[in-house]
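Asker: Below is the file query_22.cif, which contains mmCIF, C-alpha atoms.
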```
data_my_file
#
loop_
_atom_site.label_atom_id
_atom_site.label_comp_id
_atom_site.auth_asym_id
_atom_site.auth_seq_id
_atom_site.Cartn_x
_atom_site.Cartn_y
_atom_site.Cartn_z
CA MET A 1 23.95 -8.41 -22.28
CA ALA A 2 23.97 -6.99 -18.74
CA MET A 3 20.67 -6.08 -17.14
CA ARG A 4 19.72 -2.41 -17.42
CA ASN A 5 17.43 -0.52 -15.07
CA ILE A 6 15.16 1.75 -17.12
CA LYS A 7 13.09 4.71 -15.93
CA VAL A 8 10.24 6.01 -18.12
CA VAL A 9 7.87 8.95 -17.60
CA ILE A 10 4.31 7.99 -18.54
CA GLU A 11 1.26 10.10 -19.39
CA TYR A 12 -2.24 8.63 -19.52
CA ASP A 13 -5.94 9.30 -19.60
CA GLY A 14 -7.18 6.89 -16.95
CA THR A 15 -10.89 7.10 -17.82
CA ASP A 16 -11.17 3.65 -19.39
CA TYR A 17 -8.88 1.78 -16.97
CA PHE A 18 -9.25 0.12 -13.57
CA GLY A 19 -6.33 2.12 -12.20
CA PHE A 20 -2.60 1.72 -12.58
CA GLN A 21 -1.99 -1.52 -10.71
CA ARG A 22 -2.27 -4.84 -12.51
CA GLN A 23 -5.50 -6.73 -11.74
CA PRO A 24 -6.53 -10.14 -13.10
CA GLY A 25 -9.18 -9.87 -15.77
CA ARG A 26 -9.21 -6.07 -15.76
CA ARG A 27 -7.69 -3.50 -18.09
CA THR A 28 -5.05 -1.50 -16.23
CA ILE A 29 -2.25 0.92 -17.09
CA GLN A 30 0.42 -1.41 -15.71
CA GLY A 31 -1.00 -4.32 -17.67
CA GLU A 32 -0.90 -2.42 -20.97
CA ILE A 33 2.65 -1.18 -20.36
CA GLU A 34 3.93 -4.63 -19.43
CA ARG A 35 2.27 -6.14 -22.49
CA ALA A 36 4.03 -3.62 -24.75
CA LEU A 37 7.43 -4.04 -23.09
CA THR A 38 7.18 -7.81 -23.24
CA LYS A 39 6.69 -7.58 -27.01
CA ILE A 40 9.62 -5.17 -27.33
CA THR A 41 12.09 -7.15 -25.23
CA LYS A 42 10.69 -10.59 -26.15
CA LYS A 43 10.80 -11.55 -22.47
CA PRO A 44 8.30 -11.04 -19.63
CA VAL A 45 8.67 -7.58 -18.05
CA LYS A 46 7.35 -6.40 -14.69
CA VAL A 47 7.19 -2.67 -14.08
CA VAL A 48 6.99 -0.64 -10.88
CA GLY A 49 5.02 2.61 -10.72
CA ALA A 50 5.69 5.62 -8.51
CA GLY A 51 1.98 6.00 -7.73
CA ARG A 52 -0.83 3.45 -7.74
CA THR A 53 -3.47 5.72 -9.23
CA ASP A 54 -7.08 4.61 -8.77
CA ALA A 55 -9.57 3.74 -11.50
CA GLY A 56 -10.33 6.82 -13.59
CA VAL A 57 -7.38 8.88 -12.30
CA HIS A 58 -4.97 10.37 -14.86
CA ALA A 59 -1.24 11.07 -15.02
CA LEU A 60 0.99 13.61 -16.71
CA GLY A 61 4.13 12.52 -14.89
CA GLN A 62 3.78 8.95 -13.68
CA VAL A 63 7.18 7.25 -13.41
CA ILE A 64 7.82 3.56 -14.00
CA SER A 65 10.99 1.50 -13.72
CA PHE A 66 11.84 -1.95 -14.98
CA LYS A 67 14.87 -4.15 -15.53
CA THR A 68 15.70 -5.69 -18.86
CA GLY A 69 18.46 -7.60 -20.58
CA GLY A 70 17.00 -6.73 -23.99
CA THR A 71 19.16 -5.21 -26.70
CA ILE A 72 16.93 -2.31 -27.76
CA PRO A 73 18.84 0.99 -27.30
CA THR A 74 17.54 3.03 -24.39
CA GLU A 75 16.84 6.05 -26.59
CA LYS A 76 14.44 3.97 -28.71
CA ILE A 77 12.41 2.46 -25.89
CA ALA A 78 9.79 5.23 -25.69
CA VAL A 79 9.27 5.25 -29.46
CA ALA A 80 8.84 1.48 -29.48
CA MET A 81 6.43 1.62 -26.55
CA ASN A 82 4.28 4.27 -28.22
CA SER A 83 4.00 2.14 -31.36
CA LEU A 84 2.35 -0.61 -29.27
CA LEU A 85 0.51 1.22 -26.48
CA PRO A 86 -3.12 2.39 -26.75
CA LYS A 87 -3.43 6.04 -27.75
CA ASP A 88 -4.47 7.06 -24.22
CA ILE A 89 -1.14 5.89 -22.74
CA VAL A 90 2.05 7.63 -23.87
CA ALA A 91 5.69 7.00 -22.95
CA GLY A 92 7.82 10.14 -22.66
CA ASP A 93 11.39 10.36 -21.49
CA ALA A 94 13.19 7.01 -21.09
CA ARG A 95 16.65 6.67 -19.61
CA GLU A 96 18.93 4.18 -17.93
CA VAL A 97 19.29 4.69 -14.18
CA PRO A 98 21.47 3.10 -11.46
CA PRO A 99 20.57 -0.49 -10.45
CA GLU A 100 19.31 0.62 -7.04
CA PHE A 101 16.73 3.07 -8.48
CA HIS A 102 13.13 2.08 -7.73
CA ALA A 103 10.24 4.14 -9.16
CA ARG A 104 8.22 3.85 -5.96
CA TYR A 105 10.68 3.54 -3.09
CA SER A 106 13.23 6.05 -4.41
CA ALA A 107 10.62 8.81 -4.72
CA LYS A 108 10.87 11.75 -2.32
CA SER A 109 7.48 13.27 -3.11
CA ARG A 110 4.46 13.08 -5.41
CA ALA A 111 2.54 16.05 -6.75
CA TYR A 112 -1.09 15.81 -7.84
CA LYS A 113 -3.46 18.33 -9.38
CA TYR A 114 -7.22 18.19 -8.88
CA ILE A 115 -9.46 20.23 -11.19
CA VAL A 116 -12.97 21.40 -10.32
CA LEU A 117 -15.18 22.91 -13.01
CA ASN A 118 -17.14 25.56 -11.13
CA ARG A 119 -19.87 27.13 -13.27
CA LYS A 120 -23.60 26.88 -13.94
CA HIS A 121 -23.47 24.06 -16.50
CA PRO A 122 -21.25 20.99 -17.06
CA SER A 123 -18.86 20.56 -19.97
CA ALA A 124 -18.91 18.03 -22.80
CA PHE A 125 -15.20 18.66 -23.36
CA PHE A 126 -13.76 18.83 -19.83
CA GLY A 127 -16.02 16.20 -18.28
CA ARG A 128 -13.36 13.50 -18.47
CA PHE A 129 -10.82 15.62 -16.62
CA SER A 130 -12.70 17.60 -13.96
CA TRP A 131 -15.34 17.43 -11.24
CA TYR A 132 -18.34 19.58 -12.06
CA VAL A 133 -19.40 21.55 -8.98
CA PRO A 134 -22.11 24.21 -9.58
CA GLY A 135 -22.70 27.04 -7.13
CA ALA A 136 -20.34 29.47 -5.41
CA LEU A 137 -17.17 28.22 -3.72
CA ASN A 138 -15.52 30.24 -0.97
CA LEU A 139 -11.82 29.95 -1.77
CA ALA A 140 -10.74 31.90 1.29
CA ALA A 141 -12.51 29.40 3.56
CA MET A 142 -11.04 26.43 1.68
CA ARG A 143 -7.55 27.89 2.00
CA ARG A 144 -8.02 28.30 5.73
CA GLY A 145 -9.10 24.70 5.97
CA ALA A 146 -6.19 23.51 3.84
CA LYS A 147 -3.67 24.94 6.33
CA TYR A 148 -4.65 22.26 8.84
CA LEU A 149 -3.60 19.55 6.37
CA VAL A 150 -0.10 20.84 5.64
CA GLY A 151 2.65 19.19 7.68
CA THR A 152 3.23 15.73 9.13
CA HIS A 153 0.05 14.12 10.46
CA ASP A 154 -1.81 10.86 10.86
CA PHE A 155 -4.18 10.99 7.86
CA THR A 156 -6.46 8.12 8.91
CA SER A 157 -9.50 10.41 8.60
CA PHE A 158 -8.52 11.21 5.01
CA SER A 159 -7.84 7.68 3.76
CA ALA A 160 -10.01 4.88 2.44
CA ALA A 161 -11.13 2.26 4.93
CA ASP A 162 -9.04 -0.44 3.21
CA THR A 163 -5.77 1.50 3.69
CA ASP A 164 -3.00 -0.52 5.35
CA ARG A 165 -3.16 0.28 9.06
CA SER A 166 0.57 -0.27 9.58
CA GLY A 167 1.38 3.37 8.89
CA ARG A 168 -0.81 6.36 8.13
CA ILE A 169 1.64 9.15 8.90
CA ARG A 170 2.33 11.31 5.86
CA GLU A 171 3.91 14.70 5.26
CA VAL A 172 1.88 17.10 3.11
CA LYS A 173 4.42 19.57 1.76
CA GLY A 174 1.96 21.88 0.05
CA LEU A 175 -1.72 22.37 -0.75
CA LEU A 176 -2.49 25.35 -2.98
CA ILE A 177 -6.00 26.32 -4.07
CA ARG A 178 -6.42 28.68 -7.00
CA ARG A 179 -9.10 29.91 -9.38
CA CYS A 180 -8.56 30.38 -13.10
CA ASP A 181 -11.77 31.53 -14.79
CA GLU A 182 -14.25 28.65 -14.45
CA PHE A 183 -11.76 26.25 -12.87
CA VAL A 184 -10.69 25.82 -9.27
CA THR A 185 -7.49 23.82 -8.93
CA PHE A 186 -5.94 22.04 -5.97
CA ASP A 187 -2.19 21.41 -6.13
CA LEU A 188 -1.22 18.80 -3.57
CA GLU A 189 2.28 17.55 -2.77
CA ALA A 190 3.24 14.96 -0.16
CA ASN A 191 6.01 12.47 0.46
CA ALA A 192 3.37 9.82 -0.29
CA PHE A 193 -0.41 9.56 -0.34
CA LEU A 194 -2.65 6.99 1.33
CA HIS A 195 -5.41 5.29 -0.67
CA SER A 196 -7.89 7.99 -1.85
CA MET A 197 -6.20 10.57 0.44
CA ALA A 198 -5.96 13.34 -2.16
CA ARG A 199 -9.58 12.87 -3.26
CA ILE A 200 -10.96 12.83 0.30
CA MET A 201 -9.00 15.99 1.13
CA VAL A 202 -10.44 17.74 -1.93
CA GLY A 203 -13.96 16.46 -1.29
CA THR A 204 -13.87 17.73 2.30
CA LEU A 205 -12.43 21.11 1.34
CA VAL A 206 -15.12 21.57 -1.31
CA GLU A 207 -17.71 21.10 1.44
CA VAL A 208 -15.99 23.93 3.30
CA GLY A 209 -16.16 26.04 0.15
CA GLN A 210 -19.88 25.33 -0.17
CA GLY A 211 -20.47 26.46 3.42
CA ARG A 212 -21.49 22.98 4.54
CA ARG A 213 -18.77 22.86 7.20
CA ARG A 214 -16.42 25.28 8.96
CA ALA A 215 -12.77 25.59 7.94
CA ALA A 216 -11.74 24.77 11.53
CA GLU A 217 -13.53 21.42 11.24
CA ILE A 218 -10.69 20.20 9.02
CA GLY A 219 -8.37 20.23 12.02
CA GLU A 220 -10.99 18.51 14.17
CA VAL A 221 -11.52 15.79 11.56
CA LEU A 222 -7.77 15.26 11.25
CA GLU A 223 -7.40 14.83 15.02
CA SER A 224 -10.34 12.41 15.21
CA LYS A 225 -8.67 9.75 13.03
CA ASP A 226 -12.18 8.80 11.91
CA ARG A 227 -12.91 8.56 8.17
CA ARG A 228 -16.64 8.92 8.84
CA LEU A 229 -16.16 12.53 9.95
CA ALA A 230 -14.43 13.66 6.74
CA GLY A 231 -16.29 14.65 3.59
CA ARG A 232 -17.06 12.76 0.43
CA THR A 233 -14.40 11.27 -1.79
CA ALA A 234 -14.10 13.56 -4.81
CA PRO A 235 -14.65 11.66 -8.09
CA PRO A 236 -11.54 10.28 -9.81
CA GLN A 237 -11.71 12.12 -13.14
CA GLY A 238 -10.55 15.44 -11.65
CA LEU A 239 -7.26 14.02 -10.34
CA ALA A 240 -3.92 13.65 -12.12
CA LEU A 241 -0.45 12.68 -10.93
CA VAL A 242 1.66 15.48 -12.37
CA GLU A 243 5.17 15.00 -11.03
CA VAL A 244 7.34 12.63 -8.99
CA THR A 245 10.45 14.03 -7.33
CA TYR A 246 13.55 11.91 -6.63
#
```
Step by step, read the file and then write its structure as structure tokens.

Answerer:
Amino acid sequence: MAMRNIKVVIEYDGTDYFGFQRQPGRRTIQGEIERALTKITKKPVKVVGAGRTDAGVHALGQVISFKTGGTIPTEKIAVAMNSLLPKDIVAGDAREVPPEFHARYSAKSRAYKYIVLNRKHPSAFFGRFSWYVPGALNLAAMRRGAKYLVGTHDFTSFSAADTDRSGRIREVKGLLIRRCDEFVTFDLEANAFLHSMARIMVGTLVEVGQGRRRAAEIGEVLESKDRRLAGRTAPPQGLALVEVTY
């Protein structure tokens, strides 16, 4: 049977995993998916993910692609995967795509959502999916700061130290900050994100909201290309990859 290129949308709670990318001796999203697909197709399968989410980060719209010569009908792949995957990883839509499609390199943009729980006390229910930040947050100031991050820039200051130095230019297409009752949400979209970029952006903007730094400092930090001048890296549990655009 001819090789098929399959695209699958994946949802997962990343709390108990060491991120998406396969790592020897560690439980990862990619490792669990490949294990399930290998059982289904009866041949080793290697998958590619649109975003290499860090340990503890979640996804509602992660996209994977893989090639297979297996005989299972495409419309049954997701059902078969869900019968073998842990309950905190779920396969959604699965379809055959052209041979040249690549989950990572074909993507035009990635959209993430970060959730902050902003009230007097933490939550037993939402703790796995939000960053608890007590005290008032000035949304107007955070929005002013966010404007400096939209556009095409060198995001060295907002990336982890181990980020590949070969290219740190990214285009942030949008960064919206909203409040809904006790939650403050950050909707971030970019053509691609550097390692920890979304979380460092959020962590720095929260410091603006707390009055610990001026909104205009965001532009100064961006221009400095110095990670040490940006704020803390927001914890992983508040972040989710929500959509990949092709």

Asker: Go through A:Glu182, A:Asp187, A:Asp154, A:Asp54 and flag the residue nearest Gln23 in chain A, using all atoms listed in the file for the distances.

Answerer: A:Asp54

Asker: Point out the residue among A:Leu175, A:Ala55, A:Ala94, A:Val47 with the least atom-to-atom distance to His195 in chain A, counting all atoms listed in the file.

Answerer: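 Of A:Leu175, A:Ala55, A:Ala94, A:Val47, the one nearest His195 in chain A, counting all atoms listed in the file, is A:Ala55.
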
Asker: From the set A:Gly25, A:Gly61, A:Gly238, A:Pro44, which residue has the shortest atom-to-atom contact distance to Glu11 in chain A, counting only C-alpha atoms?

Answerer: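 That would be A:Gly61, the residue with the smallest distance to Glu11 in chain A.
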
Asker: Residues picked by the PyMOL selection byres ((chain A and resi 242-244) around 8) here, as a count of residues only?

Answerer: 17

Asker: Could you check the closest approach to Ala198 in chain A for each of A:Pro236, A:Gly49, A:Gly211, A:Gly219 and tell me which residue wins, using only C-alpha atoms?

Answerer: A:Pro236

Asker: Which residues come within 7 Å of Ser159 in chain A, counting all atoms listed in the file, excluding same-chain residues fewer than 3 positions away, as a short mmCIF file (atom, residue, chain, number, x, y, z; two decimals) with C-alpha atoms, in the coordinates of the input?

Answerer:
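Writing the result to part.cif gives the following:
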```cif
data_model
loop_
_atom_site.label_atom_id
_atom_site.label_comp_id
_atom_site.auth_asym_id
_atom_site.auth_seq_id
_atom_site.Cartn_x
_atom_site.Cartn_y
_atom_site.Cartn_z
CA PHE A 155 -4.18 10.99 7.86
CA THR A 156 -6.46 8.12 8.91
CA THR A 163 -5.77 1.50 3.69
CA LEU A 194 -2.65 6.99 1.33
CA HIS A 195 -5.41 5.29 -0.67
CA SER A 196 -7.89 7.99 -1.85
CA MET A 197 -6.20 10.57 0.44
CA ILE A 200 -10.96 12.83 0.30
CA ARG A 227 -12.91 8.56 8.17
#
```

Asker: Would you kindly return, as a ChimeraX atom specification, each protein, DNA or RNA residue with an atom no farther than 7 Å from any atom of Phe18 in chain A, considering only C-alpha atoms and excluding same-chain residues fewer than 2 positions away?

Answerer: /A:20,26-28,54-56

Asker: Hey, what comes out of the PyMOL selection byres ((chain A and resi 68) around 8) on this file? Could you write it as a list in words?

Answerer: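 Written out, the selection comes to Met3, Arg4, Asn5, Ile6, Thr41, Val45, Phe66, Lys67, Gly69 and Gly70 of chain A.
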
Asker: Which residues, written as a PyMOL selection string, have at least one atom at most 10 Å from Glu217 in chain A, with all atoms listed in the file counted and residues fewer than 5 positions away on the same chain left out?

Answerer: chain A and resi 145+148+204-205+208+222-223+229-230
